[in-house]
file work18.pdb (PDB, C-alpha atoms, pLDDT in the B column)
ATOM      1  CA  MET A   1      21.101 105.694 129.949  1.00 45.00           C
ATOM      2  CA  ALA A   2      17.948 107.055 128.338  1.00 41.00           C
ATOM      3  CA  LYS A   3      17.400 107.714 124.637  1.00 43.00           C
ATOM      4  CA  ARG A   4      14.610 109.851 123.180  1.00 44.00           C
ATOM      5  CA  LEU A   5      13.877 110.412 119.488  1.00 42.00           C
ATOM      6  CA  ARG A   6      11.776 113.375 118.369  1.00 45.00           C
ATOM      7  CA  LEU A   7      10.692 114.569 114.929  1.00 43.00           C
ATOM      8  CA  GLY A   8      10.894 118.276 114.225  1.00 45.00           C
ATOM      9  CA  SER A   9       9.993 120.476 111.254  1.00 45.00           C
ATOM     10  CA  ALA A  10      11.669 120.355 107.843  1.00 45.00           C
ATOM     11  CA  GLY A  11      12.835 116.807 108.213  1.00 49.00           C
ATOM     12  CA  GLN A  12      14.674 117.300 111.472  1.00 54.00           C
ATOM     13  CA  HIS A  13      15.230 114.427 113.863  1.00 50.00           C
ATOM     14  CA  ARG A  14      16.133 115.225 117.413  1.00 58.00           C
ATOM     15  CA  MET A  15      17.630 112.670 119.769  1.00 54.00           C
ATOM     16  CA  SER A  16      18.172 113.160 123.497  1.00 57.00           C
ATOM     17  CA  VAL A  17      20.713 111.002 125.232  1.00 52.00           C
ATOM     18  CA  GLN A  18      21.067 110.924 129.014  1.00 57.00           C
ATOM     19  CA  LYS A  19      24.238 109.519 130.554  1.00 53.00           C
ATOM     20  CA  ASP A  20      25.394 109.859 134.134  1.00 59.00           C
ATOM     21  CA  GLY A  21      22.794 112.513 134.849  1.00 59.00           C
ATOM     22  CA  HIS A  22      23.696 114.640 131.778  1.00 59.00           C
ATOM     23  CA  VAL A  23      21.305 115.183 128.863  1.00 58.00           C
ATOM     24  CA  CYS A  24      22.694 115.419 125.309  1.00 57.00           C
ATOM     25  CA  GLN A  25      20.452 116.467 122.415  1.00 60.00           C
ATOM     26  CA  ILE A  26      21.378 115.395 118.855  1.00 56.00           C
ATOM     27  CA  VAL A  27      19.629 117.078 115.868  1.00 53.00           C
ATOM     28  CA  ILE A  28      19.700 115.289 112.490  1.00 52.00           C
ATOM     29  CA  GLU A  29      18.508 117.281 109.475  1.00 55.00           C
ATOM     30  CA  ASP A  30      17.451 115.718 106.172  1.00 52.00           C
ATOM     31  CA  LEU A  31      18.123 118.142 103.317  1.00 48.00           C
ATOM     32  CA  ASP A  32      17.086 117.588  99.714  1.00 52.00           C
ATOM     33  CA  GLU A  33      19.427 118.215  96.806  1.00 52.00           C
ATOM     34  CA  THR A  34      16.983 120.806  95.385  1.00 54.00           C
ATOM     35  CA  THR A  35      17.162 122.925  98.507  1.00 58.00           C
ATOM     36  CA  LEU A  36      20.973 122.752  98.435  1.00 55.00           C
ATOM     37  CA  VAL A  37      21.067 123.878  94.783  1.00 56.00           C
ATOM     38  CA  GLU A  38      18.649 126.764  95.486  1.00 67.00           C
ATOM     39  CA  GLU A  39      20.752 127.965  98.403  1.00 69.00           C
ATOM     40  CA  ARG A  40      23.877 127.919  96.226  1.00 68.00           C
ATOM     41  CA  GLU A  41      22.162 129.953  93.481  1.00 69.00           C
ATOM     42  CA  LYS A  42      20.997 132.490  96.033  1.00 68.00           C
ATOM     43  CA  LYS A  43      24.520 132.872  97.358  1.00 66.00           C
ATOM     44  CA  LYS A  44      25.782 133.435  93.792  1.00 63.00           C
ATOM     45  CA  GLU A  45      23.107 136.068  93.076  1.00 63.00           C
ATOM     46  CA  ARG A  46      23.971 138.067  96.150  1.00 60.00           C
ATOM     47  CA  PRO A  47      26.558 140.774  95.414  1.00 54.00           C
ATOM     48  CA  PRO A  48      29.767 140.401  97.335  1.00 54.00           C
ATOM     49  CA  SER A  49      29.960 142.605 100.357  1.00 56.00           C
ATOM     50  CA  PRO A  50      32.599 145.345 100.067  1.00 55.00           C
ATOM     51  CA  SER A  51      35.724 144.601 101.993  1.00 57.00           C
ATOM     52  CA  PRO A  52      36.329 146.947 104.883  1.00 57.00           C
ATOM     53  CA  SER A  53      38.947 149.578 104.231  1.00 58.00           C
ATOM     54  CA  PRO A  54      42.185 149.027 106.104  1.00 60.00           C
ATOM     55  CA  ALA A  55      42.617 151.085 109.172  1.00 60.00           C
ATOM     56  CA  PRO A  56      45.242 153.822 108.901  1.00 64.00           C
ATOM     57  CA  LYS A  57      48.536 152.894 110.471  1.00 67.00           C
ATOM     58  CA  PRO A  58      49.456 154.922 113.496  1.00 67.00           C
ATOM     59  CA  HIS A  59      52.397 157.217 113.024  1.00 65.00           C
ATOM     60  CA  PRO A  60      55.514 156.230 114.992  1.00 65.00           C
ATOM     61  CA  PRO A  61      56.202 158.454 117.909  1.00 66.00           C
ATOM     62  CA  VAL A  62      58.815 161.096 117.249  1.00 65.00           C
ATOM     63  CA  GLU A  63      61.907 160.405 119.342  1.00 69.00           C
ATOM     64  CA  ALA A  64      63.685 163.258 120.967  1.00 69.00           C
ATOM     65  CA  PRO A  65      67.327 163.838 119.873  1.00 75.00           C
ATOM     66  CA  PRO A  66      69.888 162.387 122.298  1.00 71.00           C
ATOM     67  CA  SER A  67      71.632 164.724 124.650  1.00 80.00           C
ATOM     68  CA  ASP A  68      75.373 165.475 124.710  1.00 82.00           C
ATOM     69  CA  LYS A  69      75.976 163.115 127.614  1.00 84.00           C
ATOM     70  CA  GLU A  70      74.303 160.260 125.746  1.00 86.00           C
ATOM     71  CA  LEU A  71      76.361 161.025 122.619  1.00 88.00           C
ATOM     72  CA  GLN A  72      79.579 161.031 124.659  1.00 89.00           C
ATOM     73  CA  ALA A  73      78.577 157.773 126.349  1.00 89.00           C
ATOM     74  CA  ILE A  74      77.828 156.236 122.941  1.00 90.00           C
ATOM     75  CA  LYS A  75      81.227 157.373 121.637  1.00 90.00           C
ATOM     76  CA  ILE A  76      83.025 155.921 124.676  1.00 92.00           C
ATOM     77  CA  GLN A  77      81.139 152.618 124.288  1.00 92.00           C
ATOM     78  CA  ALA A  78      81.966 152.486 120.568  1.00 92.00           C
ATOM     79  CA  TRP A  79      85.631 153.230 121.281  1.00 93.00           C
ATOM     80  CA  TRP A  80      85.786 150.528 123.977  1.00 94.00           C
ATOM     81  CA  ARG A  81      84.053 147.980 121.749  1.00 93.00           C
ATOM     82  CA  GLY A  82      86.483 148.809 118.912  1.00 92.00           C
ATOM     83  CA  THR A  83      89.413 148.433 121.345  1.00 93.00           C
ATOM     84  CA  LEU A  84      88.150 145.028 122.452  1.00 94.00           C
ATOM     85  CA  VAL A  85      87.605 143.923 118.854  1.00 94.00           C
ATOM     86  CA  ARG A  86      91.058 145.140 117.788  1.00 93.00           C
ATOM     87  CA  ARG A  87      92.633 143.398 120.778  1.00 94.00           C
ATOM     88  CA  ALA A  88      90.851 140.132 119.940  1.00 94.00           C
ATOM     89  CA  LEU A  89      91.889 140.454 116.283  1.00 94.00           C
ATOM     90  CA  LEU A  90      95.498 141.161 117.314  1.00 94.00           C
ATOM     91  CA  HIS A  91      95.594 138.072 119.556  1.00 94.00           C
ATOM     92  CA  ALA A  92      94.052 135.957 116.777  1.00 94.00           C
ATOM     93  CA  ALA A  93      96.562 137.301 114.226  1.00 93.00           C
ATOM     94  CA  LEU A  94      99.509 136.635 116.576  1.00 94.00           C
ATOM     95  CA  ARG A  95      98.319 133.076 117.233  1.00 94.00           C
ATOM     96  CA  ALA A  96      97.784 132.516 113.508  1.00 94.00           C
ATOM     97  CA  CYS A  97     101.320 133.812 112.807  1.00 94.00           C
ATOM     98  CA  ILE A  98     102.773 131.506 115.483  1.00 95.00           C
ATOM     99  CA  ILE A  99     100.881 128.510 114.072  1.00 95.00           C
ATOM    100  CA  GLN A 100     101.937 129.370 110.510  1.00 94.00           C
ATOM    101  CA  TYR A 101     105.590 129.757 111.547  1.00 95.00           C
ATOM    102  CA  TRP A 102     105.497 126.414 113.397  1.00 95.00           C
ATOM    103  CA  TRP A 103     103.807 124.677 110.463  1.00 95.00           C
ATOM    104  CA  LYS A 104     106.289 126.141 107.963  1.00 94.00           C
ATOM    105  CA  GLN A 105     109.168 124.961 110.156  1.00 94.00           C
ATOM    106  CA  LYS A 106     107.655 121.476 110.362  1.00 94.00           C
ATOM    107  CA  LEU A 107     107.142 121.414 106.593  1.00 94.00           C
ATOM    108  CA  ALA A 108     110.766 122.458 106.057  1.00 94.00           C
ATOM    109  CA  GLU A 109     111.940 119.686 108.411  1.00 94.00           C
ATOM    110  CA  LEU A 110     109.773 117.123 106.636  1.00 94.00           C
ATOM    111  CA  LEU A 111     111.056 118.242 103.238  1.00 94.00           C
ATOM    112  CA  GLU A 112     114.651 118.080 104.501  1.00 95.00           C
ATOM    113  CA  LYS A 113     114.086 114.543 105.844  1.00 94.00           C
ATOM    114  CA  LYS A 114     112.553 113.459 102.542  1.00 94.00           C
ATOM    115  CA  ARG A 115     115.421 115.057 100.598  1.00 94.00           C
ATOM    116  CA  ARG A 116     118.014 113.326 102.778  1.00 94.00           C
ATOM    117  CA  ALA A 117     116.231 110.001 102.454  1.00 94.00           C
ATOM    118  CA  VAL A 118     116.121 110.369  98.658  1.00 94.00           C
ATOM    119  CA  LEU A 119     119.804 111.380  98.558  1.00 94.00           C
ATOM    120  CA  ASP A 120     120.801 108.435 100.784  1.00 94.00           C
ATOM    121  CA  HIS A 121     118.828 106.043  98.607  1.00 93.00           C
ATOM    122  CA  TYR A 122     120.392 107.505  95.466  1.00 93.00           C
ATOM    123  CA  ALA A 123     123.880 107.344  97.003  1.00 93.00           C
ATOM    124  CA  GLN A 124     123.369 103.703  98.011  1.00 93.00           C
ATOM    125  CA  GLN A 125     122.139 102.794  94.544  1.00 93.00           C
ATOM    126  CA  LYS A 126     125.017 104.666  92.896  1.00 93.00           C
ATOM    127  CA  TRP A 127     127.583 103.075  95.234  1.00 94.00           C
ATOM    128  CA  ALA A 128     126.153  99.612  94.504  1.00 94.00           C
ATOM    129  CA  VAL A 129     126.244 100.275  90.749  1.00 94.00           C
ATOM    130  CA  VAL A 130     129.811 101.617  90.902  1.00 94.00           C
ATOM    131  CA  ARG A 131     130.931  98.611  92.940  1.00 94.00           C
ATOM    132  CA  LEU A 132     129.328  96.188  90.513  1.00 95.00           C
ATOM    133  CA  GLN A 133     130.939  98.021  87.605  1.00 94.00           C
ATOM    134  CA  SER A 134     134.351  97.926  89.310  1.00 94.00           C
ATOM    135  CA  TRP A 135     133.960  94.190  89.963  1.00 94.00           C
ATOM    136  CA  VAL A 136     133.013  93.565  86.336  1.00 95.00           C
ATOM    137  CA  ARG A 137     135.911  95.685  85.090  1.00 94.00           C
ATOM    138  CA  MET A 138     138.322  93.935  87.475  1.00 95.00           C
ATOM    139  CA  TRP A 139     137.094  90.525  86.332  1.00 95.00           C
ATOM    140  CA  ARG A 140     137.460  91.501  82.658  1.00 94.00           C
ATOM    141  CA  VAL A 141     140.941  92.990  83.204  1.00 94.00           C
ATOM    142  CA  ARG A 142     142.038  89.957  85.210  1.00 94.00           C
ATOM    143  CA  LEU A 143     140.707  87.622  82.534  1.00 94.00           C
ATOM    144  CA  ARG A 144     142.523  89.599  79.846  1.00 92.00           C
ATOM    145  CA  TYR A 145     145.728  89.677  81.946  1.00 93.00           C
ATOM    146  CA  CYS A 146     145.580  85.921  82.467  1.00 93.00           C
ATOM    147  CA  ARG A 147     145.120  85.383  78.716  1.00 92.00           C
ATOM    148  CA  LEU A 148     148.021  87.714  77.917  1.00 91.00           C
ATOM    149  CA  LEU A 149     150.232  86.053  80.545  1.00 91.00           C
ATOM    150  CA  HIS A 150     149.467  82.618  79.152  1.00 91.00           C
ATOM    151  CA  ALA A 151     150.181  83.842  75.623  1.00 91.00           C
ATOM    152  CA  ALA A 152     153.455  85.453  76.784  1.00 91.00           C
ATOM    153  CA  ARG A 153     154.531  82.226  78.458  1.00 91.00           C
ATOM    154  CA  ILE A 154     153.756  80.264  75.302  1.00 91.00           C
ATOM    155  CA  ILE A 155     155.712  82.800  73.236  1.00 90.00           C
ATOM    156  CA  GLN A 156     158.638  82.649  75.666  1.00 88.00           C
ATOM    157  CA  VAL A 157     158.732  78.859  75.524  1.00 87.00           C
ATOM    158  CA  TYR A 158     158.722  78.836  71.735  1.00 85.00           C
ATOM    159  CA  TRP A 159     161.306  81.645  71.615  1.00 84.00           C
ATOM    160  CA  ARG A 160     163.631  79.828  73.974  1.00 80.00           C
ATOM    161  CA  TRP A 161     163.261  76.656  72.003  1.00 78.00           C
ATOM    162  CA  HIS A 162     164.005  78.608  68.829  1.00 73.00           C
ATOM    163  CA  ASN A 163     167.062  80.238  70.390  1.00 70.00           C
ATOM    164  CA  CYS A 164     168.310  76.895  71.557  1.00 66.00           C
ATOM    165  CA  HIS A 165     168.028  75.501  68.041  1.00 63.00           C
ATOM    166  CA  THR A 166     169.326  78.518  66.108  1.00 62.00           C
ATOM    167  CA  ARG A 167     171.921  80.034  68.418  1.00 61.00           C
ATOM    168  CA  GLY A 168     174.678  78.083  70.034  1.00 60.00           C
ATOM    169  CA  PHE A 169     176.180  78.322  73.467  1.00 62.00           C
ATOM    170  CA  PHE A 170     179.394  76.954  74.808  1.00 65.00           C
ATOM    171  CA  ARG A 171     180.751  75.606  77.994  1.00 73.00           C
ATOM    172  CA  GLY A 172     184.251  74.560  78.945  1.00 73.00           C
ATOM    173  CA  SER A 173     186.946  74.161  81.524  1.00 78.00           C
ATOM    174  CA  TYR A 174     190.585  75.153  81.843  1.00 74.00           C
ATOM    175  CA  GLU A 175     193.648  73.924  83.660  1.00 78.00           C
ATOM    176  CA  LEU A 176     196.480  76.262  84.596  1.00 72.00           C
ATOM    177  CA  THR A 177     199.983  74.974  85.253  1.00 75.00           C
ATOM    178  CA  ALA A 178     203.326  76.686  85.639  1.00 71.00           C
ATOM    179  CA  SER A 179     204.281  76.351  81.969  1.00 75.00           C
ATOM    180  CA  GLN A 180     201.004  76.107  80.040  1.00 76.00           C
ATOM    181  CA  LEU A 181     197.249  76.689  79.966  1.00 74.00           C
ATOM    182  CA  GLY A 182     194.989  73.798  79.047  1.00 78.00           C
ATOM    183  CA  LEU A 183     191.515  74.551  77.600  1.00 76.00           C
ATOM    184  CA  GLU A 184     188.576  72.285  76.827  1.00 82.00           C
ATOM    185  CA  LEU A 185     185.603  73.921  75.118  1.00 74.00           C
ATOM    186  CA  GLU A 186     182.302  72.465  73.928  1.00 77.00           C
ATOM    187  CA  ILE A 187     180.239  74.597  71.517  1.00 71.00           C
ATOM    188  CA  PHE A 188     176.573  73.658  70.917  1.00 67.00           C
ATOM    189  CA  LEU A 189     175.086  74.820  67.620  1.00 64.00           C
ATOM    190  CA  GLY A 190     171.583  73.434  67.572  1.00 59.00           C
ATOM    191  CA  SER A 191     171.934  69.740  67.212  1.00 65.00           C
ATOM    192  CA  GLN A 192     175.699  69.917  66.473  1.00 69.00           C
ATOM    193  CA  VAL A 193     178.424  69.818  69.120  1.00 71.00           C
ATOM    194  CA  CYS A 194     181.993  71.035  68.576  1.00 75.00           C
ATOM    195  CA  ARG A 195     184.743  70.177  71.059  1.00 78.00           C
ATOM    196  CA  ILE A 196     188.044  72.089  71.152  1.00 78.00           C
ATOM    197  CA  THR A 197     191.003  71.044  73.249  1.00 81.00           C
ATOM    198  CA  ASP A 198     194.230  73.118  73.201  1.00 78.00           C
ATOM    199  CA  CYS A 199     197.336  73.754  75.300  1.00 78.00           C
ATOM    200  CA  ILE A 200     198.892  77.226  75.318  1.00 75.00           C
ATOM    201  CA  PRO A 201     202.559  77.314  76.561  1.00 77.00           C
ATOM    202  CA  PHE A 202     203.752  80.304  78.525  1.00 69.00           C
ATOM    203  CA  PRO A 203     207.005  82.074  77.440  1.00 65.00           C
ATOM    204  CA  ILE A 204     209.864  81.275  79.896  1.00 50.00           C
ATOM    205  CA  LYS A 205     212.327  83.977  80.641  1.00 53.00           C
ATOM    206  CA  ASN A 206     215.792  83.147  81.893  1.00 45.00           C
TER
END
call {"tool": "encode", "arguments": {"input": "work18.pdb", "output": "structure tokens"}}
result
Amino acid sequence: MAKRLRLGSAGQHRMSVQKDGHVCQIVIEDLDETTLVEEREKKKERPPSPSPSPAPKPHPPVEAPPSDKELQAIKIQAWWRGTLVRRALLHAALRACIIQYWWKQKLAELLEKKRRAVLDHYAQQKWAVVRLQSWVRMWRVRLRYCRLLHAARIIQVYWRWHNCHTRGFFRGSYELTASQLGLELEIFLGSQVCRITDCIPFPIKN
């Protein structure tokens, strides 16, 4: 590698570098600030160059009107494209109708299942409430019946005791012979006892 440094005019430094048989020359310029300021002022003083006028645009070529065959071909193509589009739209509409019908049927089935589940739950709750109410009513009626039966038995006992002490009853026996009738009666009037014994003769006919 060989390096060479040369001094040129106006503060220029030139350097030659040789590497692998190739020579490279490097130029280094030293510029003062005064020269830079002068160049800038000169550029400002120069009037701006007029911009070039735009080139006129070329006119588009005039197309010839299509012939009758081309117009007929265009009409046939438009009709066929419209037929294809209408066919695709018809298939899409039919599929959408089928999907909507299926979805509505599924929604109706789901609503019916939910309604039946709610009705079954309500019926179970109502049946449980009615059964509990019937059990409570039965228990209350049975309790009231038992109280009334006990009160009736107490009343019957006291009434029988009262009847035994206020009203009398009698018992007796009789003896029948060929000529007379013998009677023995005992009448109970509360705490008092009355005994009657009598013989009644029969009339004898000759």
call {"tool": "atom_distance", "arguments": {"input": "work18.pdb", "atom1": "atom CA of Val193 of chain A", "atom2": "atom CA of Arg171 of chain A"}}
result
10.8 Å
call {"tool": "atom_distance", "arguments": {"input": "work18.pdb", "atom1": "atom CA of Ser173 of chain A", "atom2": "atom CA of Val157 of chain A"}}
result
29.2 Å
call {"tool": "atom_distance", "arguments": {"input": "work18.pdb", "atom1": "atom CA of Asn163 of chain A", "atom2": "atom CA of Glu186 of chain A"}}
result
17.5 Å
